[in-house]
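So this block is run_11.pdb, PDB, C-alpha atoms:
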ATOM      1  CA  MET A   1      94.125-167.603 -67.015
ATOM      2  CA  THR A   2      92.603-167.404 -70.477
ATOM      3  CA  SER A   3      90.290-170.343 -69.772
ATOM      4  CA  ARG A   4      89.020-168.674 -66.585
ATOM      5  CA  LEU A   5      88.234-165.507 -68.501
ATOM      6  CA  SER A   6      86.404-167.403 -71.241
ATOM      7  CA  LEU A   7      84.450-169.355 -68.585
ATOM      8  CA  LEU A   8      83.475-166.110 -66.873
ATOM      9  CA  LEU A   9      82.353-164.614 -70.173
ATOM     10  CA  ALA A  10      80.337-167.753 -70.976
ATOM     11  CA  LEU A  11      78.554-167.571 -67.606
ATOM     12  CA  VAL A  12      77.724-163.884 -67.929
ATOM     13  CA  PRO A  13      76.547-163.454 -71.542
ATOM     14  CA  GLY A  14      75.498-159.805 -71.236
ATOM     15  CA  LEU A  15      78.705-158.639 -69.577
ATOM     16  CA  LEU A  16      80.302-157.098 -72.647
ATOM     17  CA  GLN A  17      77.120-155.978 -74.389
ATOM     18  CA  ALA A  18      76.551-152.265 -74.442
ATOM     19  CA  GLN A  19      73.647-151.145 -72.330
ATOM     20  CA  PRO A  20      71.043-149.079 -74.155
ATOM     21  CA  ALA A  21      71.604-145.399 -73.523
ATOM     22  CA  LYS A  22      68.791-143.840 -71.519
ATOM     23  CA  PRO A  23      67.683-140.435 -72.754
ATOM     24  CA  VAL A  24      67.864-137.431 -70.451
ATOM     25  CA  THR A  25      64.502-136.425 -68.997
ATOM     26  CA  ARG A  26      63.335-132.838 -68.756
ATOM     27  CA  ILE A  27      63.578-132.839 -64.956
ATOM     28  CA  GLU A  28      67.203-134.050 -65.097
ATOM     29  CA  ALA A  29      68.121-131.442 -67.699
ATOM     30  CA  GLN A  30      66.338-128.696 -65.759
ATOM     31  CA  LEU A  31      68.226-129.617 -62.583
ATOM     32  CA  ILE A  32      71.625-129.456 -64.301
ATOM     33  CA  VAL A  33      70.855-126.269 -66.223
ATOM     34  CA  SER A  34      69.582-124.547 -63.075
ATOM     35  CA  ARG A  35      72.799-125.533 -61.257
ATOM     36  CA  MET A  36      74.806-124.077 -64.130
ATOM     37  CA  ASP A  37      72.713-120.906 -63.814
ATOM     38  CA  ASP A  38      73.442-120.793 -60.070
ATOM     39  CA  ILE A  39      77.163-120.849 -60.901
ATOM     40  CA  LEU A  40      76.708-117.876 -63.207
ATOM     41  CA  HIS A  41      74.661-116.037 -60.602
ATOM     42  CA  ASP A  42      77.443-116.552 -58.028
ATOM     43  CA  LEU A  43      80.073-115.519 -60.574
ATOM     44  CA  TYR A  44      78.248-112.334 -61.583
ATOM     45  CA  LYS A  45      76.593-110.777 -58.572
ATOM     46  CA  GLY A  46      74.680-108.320 -60.769
ATOM     47  CA  ALA A  47      73.308-110.988 -63.128
ATOM     48  CA  SER A  48      69.579-111.125 -63.754
ATOM     49  CA  ASN A  49      67.486-113.494 -61.673
ATOM     50  CA  GLU A  50      65.787-114.880 -64.783
ATOM     51  CA  LYS A  51      66.226-118.655 -64.963
ATOM     52  CA  PRO A  52      66.310-120.927 -68.003
ATOM     53  CA  VAL A  53      63.191-123.097 -68.125
ATOM     54  CA  ILE A  54      62.701-126.431 -69.849
ATOM     55  CA  SER A  55      58.937-126.730 -69.985
ATOM     56  CA  GLY A  56      56.660-129.684 -70.662
ATOM     57  CA  SER A  57      56.073-133.035 -69.013
ATOM     58  CA  GLN A  58      58.970-133.640 -66.626
ATOM     59  CA  GLU A  59      59.084-137.413 -67.262
ATOM     60  CA  LYS A  60      59.470-137.055 -71.044
ATOM     61  CA  SER A  61      62.828-136.876 -72.763
ATOM     62  CA  VAL A  62      64.296-133.452 -73.329
ATOM     63  CA  THR A  63      65.000-132.560 -76.945
ATOM     64  CA  ARG A  64      68.319-131.384 -78.280
ATOM     65  CA  SER A  65      66.723-128.083 -79.331
ATOM     66  CA  GLU A  66      65.601-127.426 -75.740
ATOM     67  CA  ILE A  67      69.120-128.085 -74.442
ATOM     68  CA  ILE A  68      70.647-125.775 -77.047
ATOM     69  CA  ASP A  69      68.100-123.096 -76.127
ATOM     70  CA  SER A  70      69.050-123.410 -72.426
ATOM     71  CA  PHE A  71      72.765-123.310 -73.200
ATOM     72  CA  TYR A  72      72.262-120.226 -75.356
ATOM     73  CA  PHE A  73      70.396-118.533 -72.500
ATOM     74  CA  LEU A  74      73.341-119.248 -70.178
ATOM     75  CA  PHE A  75      75.813-118.051 -72.830
ATOM     76  CA  THR A  76      74.054-114.696 -73.260
ATOM     77  CA  LYS A  77      73.852-114.284 -69.485
ATOM     78  CA  ALA A  78      77.593-114.915 -69.100
ATOM     79  CA  LYS A  79      78.804-113.001 -72.162
ATOM     80  CA  SER A  80      79.097-109.661 -70.362
ATOM     81  CA  GLY A  81      81.679-111.163 -67.981
ATOM     82  CA  PHE A  82      84.073-112.568 -70.568
ATOM     83  CA  LYS A  83      87.618-111.343 -69.919
ATOM     84  CA  PHE A  84      88.747-111.501 -73.550
ATOM     85  CA  MET A  85      87.386-112.004 -77.042
ATOM     86  CA  PRO A  86      88.394-115.400 -78.448
ATOM     87  CA  ARG A  87      89.062-116.070 -82.096
ATOM     88  CA  LEU A  88      85.748-117.337 -83.437
ATOM     89  CA  ALA A  89      85.738-120.857 -84.884
ATOM     90  CA  LYS A  90      84.160-121.923 -88.145
ATOM     91  CA  SER A  91      80.788-123.593 -88.112
ATOM     92  CA  ASP A  92      78.823-125.536 -90.732
ATOM     93  CA  PRO A  93      75.084-125.343 -89.937
ATOM     94  CA  LYS A  94      74.356-127.672 -92.879
ATOM     95  CA  LYS A  95      75.585-130.561 -90.701
ATOM     96  CA  PHE A  96      73.071-129.799 -87.940
ATOM     97  CA  GLN A  97      70.242-132.335 -88.031
ATOM     98  CA  LEU A  98      66.644-132.305 -86.762
ATOM     99  CA  LEU A  99      66.874-128.847 -85.236
ATOM    100  CA  ASN A 100      64.422-125.997 -85.648
ATOM    101  CA  ALA A 101      65.616-122.705 -87.172
ATOM    102  CA  SER A 102      66.097-121.045 -83.780
ATOM    103  CA  ALA A 103      68.184-123.938 -82.436
ATOM    104  CA  LYS A 104      70.302-123.983 -85.619
ATOM    105  CA  SER A 105      71.053-120.278 -85.256
ATOM    106  CA  GLN A 106      71.806-120.596 -81.536
ATOM    107  CA  GLY A 107      73.889-123.737 -82.103
ATOM    108  CA  ASP A 108      75.876-121.954 -84.803
ATOM    109  CA  THR A 109      76.679-119.111 -82.397
ATOM    110  CA  LEU A 110      77.653-121.513 -79.605
ATOM    111  CA  VAL A 111      79.947-123.467 -81.946
ATOM    112  CA  LYS A 112      81.623-120.277 -83.178
ATOM    113  CA  TRP A 113      82.330-119.214 -79.586
ATOM    114  CA  GLY A 114      83.542-122.724 -78.664
ATOM    115  CA  PHE A 115      80.704-123.656 -76.288
ATOM    116  CA  LEU A 116      79.508-126.673 -78.293
ATOM    117  CA  ALA A 117      81.422-129.338 -80.185
ATOM    118  CA  PRO A 118      81.067-128.602 -83.919
ATOM    119  CA  VAL A 119      80.140-132.173 -84.804
ATOM    120  CA  GLY A 120      78.966-133.345 -81.398
ATOM    121  CA  PRO A 121      75.755-135.322 -80.885
ATOM    122  CA  LEU A 122      73.903-132.292 -79.572
ATOM    123  CA  LEU A 123      73.982-130.790 -83.061
ATOM    124  CA  THR A 124      74.431-133.667 -85.482
ATOM    125  CA  ASP A 125      72.674-136.717 -84.008
ATOM    126  CA  SER A 126      69.816-138.284 -85.954
ATOM    127  CA  LYS A 127      67.596-138.629 -82.858
ATOM    128  CA  GLN A 128      65.774-135.877 -80.960
ATOM    129  CA  GLU A 129      66.709-137.339 -77.562
ATOM    130  CA  ILE A 130      70.174-137.252 -76.101
ATOM    131  CA  SER A 131      71.740-139.829 -73.787
ATOM    132  CA  ILE A 132      72.998-139.046 -70.304
ATOM    133  CA  THR A 133      76.613-139.540 -71.417
ATOM    134  CA  GLN A 134      76.198-137.224 -74.403
ATOM    135  CA  PHE A 135      74.493-134.617 -72.233
ATOM    136  CA  GLY A 136      77.302-134.840 -69.671
ATOM    137  CA  ASP A 137      79.892-134.331 -72.404
ATOM    138  CA  ALA A 138      78.023-131.273 -73.707
ATOM    139  CA  VAL A 139      77.768-129.793 -70.195
ATOM    140  CA  GLY A 140      81.485-130.383 -69.594
ATOM    141  CA  TYR A 141      82.400-128.829 -72.935
ATOM    142  CA  PHE A 142      80.242-125.798 -72.141
ATOM    143  CA  LEU A 143      81.619-125.313 -68.618
ATOM    144  CA  ALA A 144      85.234-125.731 -69.761
ATOM    145  CA  ARG A 145      84.832-122.946 -72.296
ATOM    146  CA  LEU A 146      82.957-120.802 -69.785
ATOM    147  CA  SER A 147      85.771-121.117 -67.255
ATOM    148  CA  GLU A 148      88.312-120.323 -69.959
ATOM    149  CA  LEU A 149      86.594-117.098 -71.021
ATOM    150  CA  THR A 150      85.650-115.810 -67.570
ATOM    151  CA  HIS A 151      89.167-115.871 -66.111
ATOM    152  CA  LYS A 152      91.991-113.642 -67.260
ATOM    153  CA  PRO A 153      94.979-115.705 -68.382
ATOM    154  CA  SER A 154      98.038-115.380 -66.166
ATOM    155  CA  SER A 155     101.626-116.005 -67.180
ATOM    156  CA  LYS A 156     102.157-117.480 -63.734
ATOM    157  CA  TYR A 157      99.757-120.402 -64.301
ATOM    158  CA  SER A 158      99.318-120.658 -68.096
ATOM    159  CA  PRO A 159     102.126-122.650 -69.752
ATOM    160  CA  ASP A 160     101.529-120.989 -73.127
ATOM    161  CA  LEU A 161     102.119-117.554 -71.589
ATOM    162  CA  MET A 162     105.189-118.441 -69.521
ATOM    163  CA  THR A 163     108.551-117.116 -70.584
ATOM    164  CA  ILE A 164     111.177-119.734 -71.286
ATOM    165  CA  PRO A 165     113.982-119.491 -68.727
ATOM    166  CA  PRO A 166     117.545-119.286 -70.085
ATOM    167  CA  VAL A 167     119.422-122.557 -70.392
ATOM    168  CA  ILE A 168     122.059-122.885 -67.703
ATOM    169  CA  GLU A 169     125.044-124.975 -68.628
ATOM    170  CA  VAL A 170     125.863-127.447 -65.917
ATOM    171  CA  PRO A 171     129.612-128.140 -65.620
ATOM    172  CA  THR A 172     130.580-131.765 -66.133
ATOM    173  CA  PRO A 173     133.103-133.151 -63.621
ATOM    174  CA  GLY A 174     136.503-133.829 -65.152
ATOM    175  CA  LYS A 175     136.154-131.366 -68.046
ATOM    176  CA  LYS A 176     137.916-128.045 -67.998
ATOM    177  CA  LYS A 177     136.577-124.836 -69.436
ATOM    178  CA  ALA A 178     138.132-123.715 -72.656
ATOM    179  CA  GLY A 179     139.589-120.327 -72.474
TER     180      GLY A 179
END

Kindly transcribe the structure held in the file into structure tokens.
Amino acid sequence: MTSRLSLLLALVPGLLQAQPAKPVTRIEAQLIVSRMDDILHDLYKGASNEKPVISGSQEKSVTRSEIIDSFYFLFTKAKSGFKFMPRLAKSDPKKFQLLNASAKSQGDTLVKWGFLAPVGPLLTDSKQEISITQFGDAVGYFLARLSELTHKPSSKYSPDLMTIPPVIEVPTPGKKKAG
């Protein structure tokens, strides 16, 4: 078995090499951000019709600052529908790299509210571009927090809010009750 695996690996030299991560283009980012905006528009019927826009050449890579700006736009649009005020997290803007002042401020706010990973690649990477995988992680992180804050917690479905039922002693066959 081991020899077959080594033969396979010898025949396919690039099999285990990591493929270079392609950066997200502006058109891809715009498509995802507009779909996220559509979700918010469906969630809040009275929400404004203003859409987040990632401008520039559609074939070029989107920058991290542009993504943060779009996420911040969505955050401010959704903020009025939050069902509760979460405990704000700590943020360290000194760790944010290659971001303009506006993106640093917006990123700081998004981290404090839990919409961005505090040390995720969107804020701390050394490159302006972001890979598709990193962008997908950031979108998932954002949407998870959005769904958490826009739905009122229920003790019926939230394990942390459920009451612990009393322990019922099950009688063991062959043992008699003391008393």

What lies within 10 Å of Thr109 of chain A using all atoms listed in the file, ignoring chain neighbours under 3 positions off, as a PyMOL selection string?
chain A and resi 72+75+88-91+93+103-106+112-116

Given the file above and the PyMOL selection byres ((chain A and resi 36) around 12), which residues are selected, and can you give them as JSON, numbers by chain?
{"A": [29, 30, 31, 32, 33, 34, 35, 37, 38, 39, 40, 41, 42, 43, 51, 52, 70, 71, 73, 74, 75, 77, 78, 139, 140, 142, 143, 144, 146, 147]}

Distance in Å - atom CA of Ser158 of chain A versus atom CA of Lys79 of chain A
22.3 Å

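For the pair atom CA of Glu129 of chain A and atom CA of Val24 of chain A, the separation is 7.2 Å.
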
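Nearest-residue note for Ser154 of chain A: choosing from A:Ile132, A:Ala21, A:Leu122, A:Lys83, the minimum distance belongs to A:Lys83, counting all atoms listed in the file.
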
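One finds atom CA of Tyr157 of chain A at 27.2 Å from atom CA of Gly136 of chain A.
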
Minimum-distance residue to Tyr44 of chain A, chosen among A:Thr150, A:Arg26, A:Ile130, A:Ala138 (using all atoms listed in the file)
A:Thr150

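The nearest approach to Pro153 of chain A among the residues A:Phe96, A:Phe82, A:Tyr141, A:Phe135, with all atoms listed in the file taken into account, belongs to A:Phe82.
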
At a cut-off of 10 Å, can you tabulate as a tab-separated table every residue of segment 57-80 of chain A near segment 97-100 of chain A together with its closest atom pair and the distance in Å to one decimal, using all atoms listed in the file and ordering rows by chain then number?
residue	atom	partner	partner_atom	distance
A:Thr63	CA	A:Leu99	CA	9.3
A:Arg64	CA	A:Leu99	CA	7.5
A:Ser65	CA	A:Leu99	CA	6.0
A:Glu66	CA	A:Leu99	CA	9.7
A:Ile68	CA	A:Leu99	CA	9.5

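If all atoms listed in the file are the atoms counted, then among A:Met85, A:Lys94, A:Pro118, A:Val111 the closest residue to Lys152 of chain A is A:Met85.
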